[in-house]
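Chemist: Here it is, the structure, as C-alpha cells.
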Amino acid sequence: MSDFLLHALLAGIGIALVCGPLGAFVVWRRMSYFGDTLAHSALLGIALGFMLELNLNVAVVVVCLAIAGVLVALEHNQAIATDTLLGILAHGSLSAGLVLVALLEVRVDLMSLLFGDLLAVSLEDLYWILIGGPIILLLLGFLWKPLLSITLHEELAEVEGIAVRPVKLALMLMIALVIAIAMKIVGILLITSLLIIPAATARYLAKTPEQMAIIASIIGCLAVVAGLSGSYQFDTPTGPSVVLAATVLFILIFAGTYRRHGYQR
Amino acid sequence: MPDHISILNLQDVSVVRQGRAILDHVNLELHEQEITTLIGPNGSGKTTLIRLILGLIKPTTGEVKWREKPSVGYMPQKLHIEPTLPLTVERFLLMAQGTKRSEIDRVLNDTGILHLRLSPIQHVSGGEFQRVLLSRAILRRPQLLVLDEPVQGVDVSGQLELYQLITYIKEQYGCTVLMVSHDLHLVMAKTDHVICLNQHICCQGSPQKVSHDPEFTALFGEGYQEDIALYNHQHDHHHHLDGKISSPRFPRSPSDTNV
C-alpha cells in the first residue's frame with residue numbers, strides 16, 4: 001500500500017471515530033446547518049492562511065472558531081432567525097473565501113478543497129488528527145452527561161446545576177475543530193455529511209445514546225475505508241466517494257430495520 | 001391550615017425587557033408545604049415569574065429573598081425529545097445529576113408508572129410523559145417543586161388524576177409546590193393559595209376569595225364562583241386589553257355587577 005493511501009486511511013479513520021459521537025449531537029440538536037456554516041467558512045480560513053502566510057490548519061481552525069463565536073454572540077438576537085443568520089454567514093464566508101482564492105497569486109486547487117483529495121493528506125495533517133482526535137474524544141467523554149442534559153432541556157439542566165453556556169461553547173468548539181481537520185479528506189462541501197449520515201444510520205441500531213455514538217463511529221470508519229478504496233481504485237473524487245459509501249450503508253440499514261420493525265423502532 | 005412559614009419573599013420585583021414591564025412591582029410569598037397556583041392569561045408573565053424564582057433570570061429591580069435556598073425540582077412546560085435520541089424512561093431519569101438506580105423505583109412507584117421504566121420515552125402518551133417529568137422533578141426529594149403547566153396535553157379525567165397525584169406527592173414528600181395553570185376549575189380545588197397574575201398581581205388569596213375577585217372575573221369571565229357566597233368588593237383599577245391599568249373604571253362592565 002502506498003504511503004499516501006495509508007496516510008489518508010489513518011486520517012479518515014481518525015476523523016470518523018471523532019465524527020461518531022460528535023455527529024450524534026449534531027443530529028440530536030439539529031445543528032447540521034451550523035456544521036455547514038462552519039465548513040463553508042473553512043475556505044475563508046485557507047485563503048487567509050495563504051494571504052498572511054500562516055499555517056493553513058491553524059488559519060482554518062481560527063476562522064471556524066471565530067465564526068462559531070459570532071454565532072453564539074448573535075444567537076440571541078431576536079430580529080433575525082437563526083437559520084437566516086447561518087445562511088448569511090455560510091454563503092458570505094464561502095463567497096469571501098472563493099473571491100480571495102481567485103485574487104491570490106498562489107494556484108489553489110479549488111476542486112480538492114471543495115470535494116477532498118486523497119493526495120492532500122500530509123504527514124502534518126495526520127499528526128493533527130492523531131493528537132487532536134484523542135483530545136476531542138476525551139473532552140467528549142468528560143462532558144458527555146452535561147452535554148446530553150443540555151440537549152434535552154437547557155433550563156432543566158441549569159436548574160439541576162449544569163453550567164449550560166460553557167458546555168454549549170465546548171461542543172461548538174469541538175465541531176469547529178473537527179471540521180477544520182476533516183476538510184482535507186471529504187472537502188468543504190461534504191464535511192457535514194460525515195457527521196450526520198453515520199449518526200442517522202446508527203439511530204436504527206442503537207437503544208441508548210452511547211450505543212448510537214459508538215455505532216456511528218464504526219459506520220463512519222466503514223464508509224471511510226470503502227470510500228477511500230473506491231476512490232483509489234476508480235480514480236473518483238475522494239469526498240463524494242466516502243459520502244456515497246456512507247449513504248449506501250444508510251439505505252441498507254434503513255431498509256433492513258424497516259422490514260423488520262416497521263417505520264420506527 | 002398549615003402554618004404559614006414563608007420560604008420565599010419577592011419584594012417589589014419588576015422585570016423589564018426592551019422598555020416593557022413583563023413583571024410589574026410584584027410582591028409575593030411562598031408558604032412552606034402549601035400548594036400555590038399561579039394563574040393568568042397568555043403573556044401575563046407567569047413563565048417569567050417562574051424563571052425568576054428558579055434563578056434563571058435576575059429581576060430588573062426589587063429583591064428575591066429566600067429564607068434559605070431550597071433544593072428545587074422543576075417540571076418545565078415543554079420538553080420535546082428528538083425522535084433521533086434513543087432513550088428509555090429509566091435513562092431519562094438517570095440523566096438528572098447524581099441519580100441512583102434505586103431511587104428510580106421509588107419515584108416511578110410514587111407516580112404510578114413503574115411499568116413504563118424500560119419504554120422508549122418517545123412512545124409514552126401525553127399524560128404518561130407528564131408523569132415522567134414529574135418523576136424527574138421529585139427524584140432529588142426537593143423542598144420546592146416548581147411545575148409549569150403540569151397537565152397540558154392531558155385529557156380531562158387525566159388532568160384530575162394528575163392534580164390528585166401532585167397533592168399526594170406534596171403530602172408524601174412534604175414539599176412546597178408552586179405551579180402554573182390554565183384550567184381553573186380543576187386546579188382551584190387542590191390549591192391552598194392562588195395568585196392571579198397579569199404583569200402585576202391582580203389578586204391573591206384562597207381559591208374562594210380569588211374566584212370572586214372582580215379582577216379575576218374580568219380576566220377569566222364568570223362561572224368560577226359556583227356555590228360560594230357573595231364576596232364584597234371594591235375595585236380600584238381596571239385593565240385595558242394590553243394589561244395596562246386605568247383607574248378609576250367607568251363605565252362599570254356588566255361582569256362585576258352580578259356577583
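Here's how to read the names in the C-alpha cells: chain A, B, ... by the order shown, residue numbers from 1 in each chain, ligand numbers from 1 in the order shown.
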Do you have, as JSON lines, the list of residues of chain B lying at most 9 Å from chain A, each with its nearest atom pair and that distance in Å to one decimal, counting only C-alpha atoms and ordered by chain then number?

Modeler:
{"residue": "B:Arg51", "atom": "CA", "partner": "A:Glu155", "partner_atom": "CA", "distance": 8.8}
{"residue": "B:Leu54", "atom": "CA", "partner": "A:Val159", "partner_atom": "CA", "distance": 6.8}
{"residue": "B:Gly55", "atom": "CA", "partner": "A:Val159", "partner_atom": "CA", "distance": 7.9}
{"residue": "B:Leu56", "atom": "CA", "partner": "A:Glu155", "partner_atom": "CA", "distance": 7.5}
{"residue": "B:Val72", "atom": "CA", "partner": "A:Val159", "partner_atom": "CA", "distance": 7.5}
{"residue": "B:Gly73", "atom": "CA", "partner": "A:Val159", "partner_atom": "CA", "distance": 8.0}
{"residue": "B:Tyr74", "atom": "CA", "partner": "A:Leu156", "partner_atom": "CA", "distance": 6.7}
{"residue": "B:Met75", "atom": "CA", "partner": "A:Leu156", "partner_atom": "CA", "distance": 7.7}
{"residue": "B:Pro76", "atom": "CA", "partner": "A:Leu156", "partner_atom": "CA", "distance": 6.8}
{"residue": "B:Lys78", "atom": "CA", "partner": "A:His153", "partner_atom": "CA", "distance": 8.9}
{"residue": "B:Leu79", "atom": "CA", "partner": "A:His153", "partner_atom": "CA", "distance": 6.5}
{"residue": "B:His80", "atom": "CA", "partner": "A:Leu152", "partner_atom": "CA", "distance": 7.5}
{"residue": "B:Ile81", "atom": "CA", "partner": "A:Leu152", "partner_atom": "CA", "distance": 6.4}
{"residue": "B:Glu82", "atom": "CA", "partner": "A:Trp28", "partner_atom": "CA", "distance": 6.2}
{"residue": "B:Pro83", "atom": "CA", "partner": "A:Trp28", "partner_atom": "CA", "distance": 8.3}
{"residue": "B:Thr84", "atom": "CA", "partner": "A:Trp28", "partner_atom": "CA", "distance": 6.1}
{"residue": "B:Leu85", "atom": "CA", "partner": "A:Trp28", "partner_atom": "CA", "distance": 6.0}
{"residue": "B:Pro86", "atom": "CA", "partner": "A:Thr208", "partner_atom": "CA", "distance": 5.1}
{"residue": "B:Leu87", "atom": "CA", "partner": "A:Thr208", "partner_atom": "CA", "distance": 5.7}
{"residue": "B:Thr88", "atom": "CA", "partner": "A:Thr208", "partner_atom": "CA", "distance": 7.7}
{"residue": "B:Arg91", "atom": "CA", "partner": "A:Thr208", "partner_atom": "CA", "distance": 8.2}
{"residue": "B:Met95", "atom": "CA", "partner": "A:Ser149", "partner_atom": "CA", "distance": 6.5}
{"residue": "B:Ala96", "atom": "CA", "partner": "A:Glu160", "partner_atom": "CA", "distance": 7.1}
{"residue": "B:Gln97", "atom": "CA", "partner": "A:Glu160", "partner_atom": "CA", "distance": 6.7}
{"residue": "B:Pro120", "atom": "CA", "partner": "A:Lys207", "partner_atom": "CA", "distance": 8.6}

Chemist: Just write the chosen residues, C-alpha atoms, as a PDB file, in the first residue's frame.

Modeler:
ATOM      1  CA  ARG B  51     -37.819  31.594  35.724  1.00  0.00           C
ATOM      2  CA  LEU B  54     -35.732  29.302  39.591  1.00  0.00           C
ATOM      3  CA  GLY B  55     -32.857  31.786  39.424  1.00  0.00           C
ATOM      4  CA  LEU B  56     -32.613  31.599  35.625  1.00  0.00           C
ATOM      5  CA  VAL B  72     -35.638  22.625  43.703  1.00  0.00           C
ATOM      6  CA  GLY B  73     -37.397  20.119  41.479  1.00  0.00           C
ATOM      7  CA  TYR B  74     -38.526  21.615  38.192  1.00  0.00           C
ATOM      8  CA  MET B  75     -41.010  20.371  35.641  1.00  0.00           C
ATOM      9  CA  PRO B  76     -40.672  22.502  32.520  1.00  0.00           C
ATOM     10  CA  LYS B  78     -42.400  21.935  27.146  1.00  0.00           C
ATOM     11  CA  LEU B  79     -39.856  19.235  26.751  1.00  0.00           C
ATOM     12  CA  HIS B  80     -39.530  17.986  23.227  1.00  0.00           C
ATOM     13  CA  ILE B  81     -37.402  14.886  22.883  1.00  0.00           C
ATOM     14  CA  GLU B  82     -35.996  14.348  19.422  1.00  0.00           C
ATOM     15  CA  PRO B  83     -37.052  11.019  17.940  1.00  0.00           C
ATOM     16  CA  THR B  84     -33.412  10.585  16.905  1.00  0.00           C
ATOM     17  CA  LEU B  85     -32.345  10.287  20.549  1.00  0.00           C
ATOM     18  CA  PRO B  86     -32.683   6.676  21.746  1.00  0.00           C
ATOM     19  CA  LEU B  87     -33.778   6.997  25.348  1.00  0.00           C
ATOM     20  CA  THR B  88     -35.773   4.890  27.776  1.00  0.00           C
ATOM     21  CA  ARG B  91     -32.310   6.503  31.211  1.00  0.00           C
ATOM     22  CA  MET B  95     -29.722  11.815  33.415  1.00  0.00           C
ATOM     23  CA  ALA B  96     -30.583  14.015  36.379  1.00  0.00           C
ATOM     24  CA  GLN B  97     -27.364  14.799  38.212  1.00  0.00           C
ATOM     25  CA  PRO B 120     -38.676   4.330  24.816  1.00  0.00           C
TER      26      PRO B 120
END

Chemist: Can you pull out the residues contacting region 140-142 of chain B? Cut-off 8 Å, using only C-alpha atoms, and skip same-chain residues under 6 positions away; I want them as a list in words.

Modeler: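 Listed by chain and then number, they are Pro70, Ser71, Val72, Gly73, Thr99, Tyr173 and Cys175 of chain B.
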
Chemist: Using N, CA and C atoms, can you export the residues from the last selection as a CSV table (one decimal), in the first residue's frame?

Modeler:
chain,number,residue,atom,x,y,z
B,70,PRO,N,-33.8,26.6,48.9
B,70,PRO,CA,-34.2,25.2,49.0
B,70,PRO,C,-33.6,24.4,47.8
B,71,SER,N,-33.7,23.1,47.9
B,71,SER,CA,-33.4,22.3,46.8
B,71,SER,C,-34.7,22.3,45.9
B,72,VAL,N,-34.5,22.4,44.6
B,72,VAL,CA,-35.6,22.6,43.7
B,72,VAL,C,-35.8,21.5,42.7
B,73,GLY,N,-37.0,21.0,42.6
B,73,GLY,CA,-37.4,20.1,41.5
B,73,GLY,C,-38.2,20.9,40.5
B,99,THR,N,-28.2,10.8,40.2
B,99,THR,CA,-29.4,9.9,40.4
B,99,THR,C,-28.9,8.5,40.6
B,173,TYR,N,-43.9,13.9,50.2
B,173,TYR,CA,-42.5,14.5,50.3
B,173,TYR,C,-42.4,15.7,51.2
B,175,CYS,N,-43.2,18.7,50.5
B,175,CYS,CA,-42.5,19.9,49.9
B,175,CYS,C,-43.5,21.0,49.6

Chemist: Expressed in Å to a single decimal, how great is the separation between CA of Pro134 (chain A) and CA of Leu17 (chain A)?

Modeler: 9.4 Å

Chemist: Residues of region 65-250 of chain B in strand (DSSP E) according to DSSP, as number ranges by chain?

Modeler: B: 65-66, 72-75, 144-148, 176-180, 193-198, 200-205, 238-239, 245-246

Chemist: Could you check how far CA of Phe216 (chain B) sits from CA of Ile201 (chain B), in Å to one decimal?

Modeler: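 Between these atoms lies a distance of 10.6 Å.
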
Chemist: Applying 12 Å and only C-alpha atoms, which residues near Glu103 (chain B) remain after dropping the ones on its own chain fewer than 5 positions away? List them as a ChimeraX atom specification.

Modeler: /B:90,93-94,96,98,108-110,114,135-136,138-141

Chemist: Using only N, CA and C atoms, please write the residues we just selected to a file, as a CSV table (one decimal), in the first residue's frame.

Modeler:
chain,number,residue,atom,x,y,z
B,90,GLU,N,-36.2,5.1,32.0
B,90,GLU,CA,-35.2,5.0,33.1
B,90,GLU,C,-34.0,5.8,32.8
B,93,LEU,N,-34.5,9.5,33.4
B,93,LEU,CA,-34.4,9.8,34.8
B,93,LEU,C,-33.0,9.8,35.4
B,94,LEU,N,-32.2,8.8,34.9
B,94,LEU,CA,-30.8,8.7,35.3
B,94,LEU,C,-30.0,9.9,34.9
B,96,ALA,N,-30.6,13.0,35.3
B,96,ALA,CA,-30.6,14.0,36.4
B,96,ALA,C,-29.3,13.8,37.2
B,98,GLY,N,-26.5,13.0,39.6
B,98,GLY,CA,-26.4,12.3,40.8
B,98,GLY,C,-27.6,11.3,41.2
B,108,LEU,N,-40.9,6.2,40.4
B,108,LEU,CA,-41.9,5.6,39.4
B,108,LEU,C,-43.1,5.0,40.1
B,109,ASN,N,-42.8,4.4,41.3
B,109,ASN,CA,-43.9,3.8,42.1
B,109,ASN,C,-44.8,5.0,42.6
B,110,ASP,N,-44.2,6.0,43.1
B,110,ASP,CA,-45.0,7.2,43.6
B,110,ASP,C,-45.8,7.8,42.5
B,114,LEU,N,-44.4,2.7,37.0
B,114,LEU,CA,-43.3,1.7,37.2
B,114,LEU,C,-43.2,0.8,35.9
B,135,SER,N,-41.8,12.7,37.8
B,135,SER,CA,-40.8,11.8,38.4
B,135,SER,C,-39.4,12.4,38.5
B,136,ARG,N,-39.0,13.0,37.4
B,136,ARG,CA,-37.7,13.6,37.4
B,136,ARG,C,-37.6,14.7,38.4
B,138,ILE,N,-39.1,15.1,41.2
B,138,ILE,CA,-39.1,14.7,42.6
B,138,ILE,C,-38.0,13.7,42.9
B,139,LEU,N,-37.1,13.4,41.9
B,139,LEU,CA,-36.0,12.4,42.2
B,139,LEU,C,-35.2,12.8,43.3
B,140,ARG,N,-34.9,14.1,43.4
B,140,ARG,CA,-33.9,14.5,44.5
B,140,ARG,C,-34.6,15.0,45.7
B,141,ARG,N,-35.8,14.5,46.0
B,141,ARG,CA,-36.6,14.9,47.1
B,141,ARG,C,-36.5,16.4,47.4

Chemist: Between CA of Leu137 (chain A) and CA of Ser41 (chain A), what is the spacing in Å?

Modeler: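 Here the two named atoms are 23.7 Å from each other.
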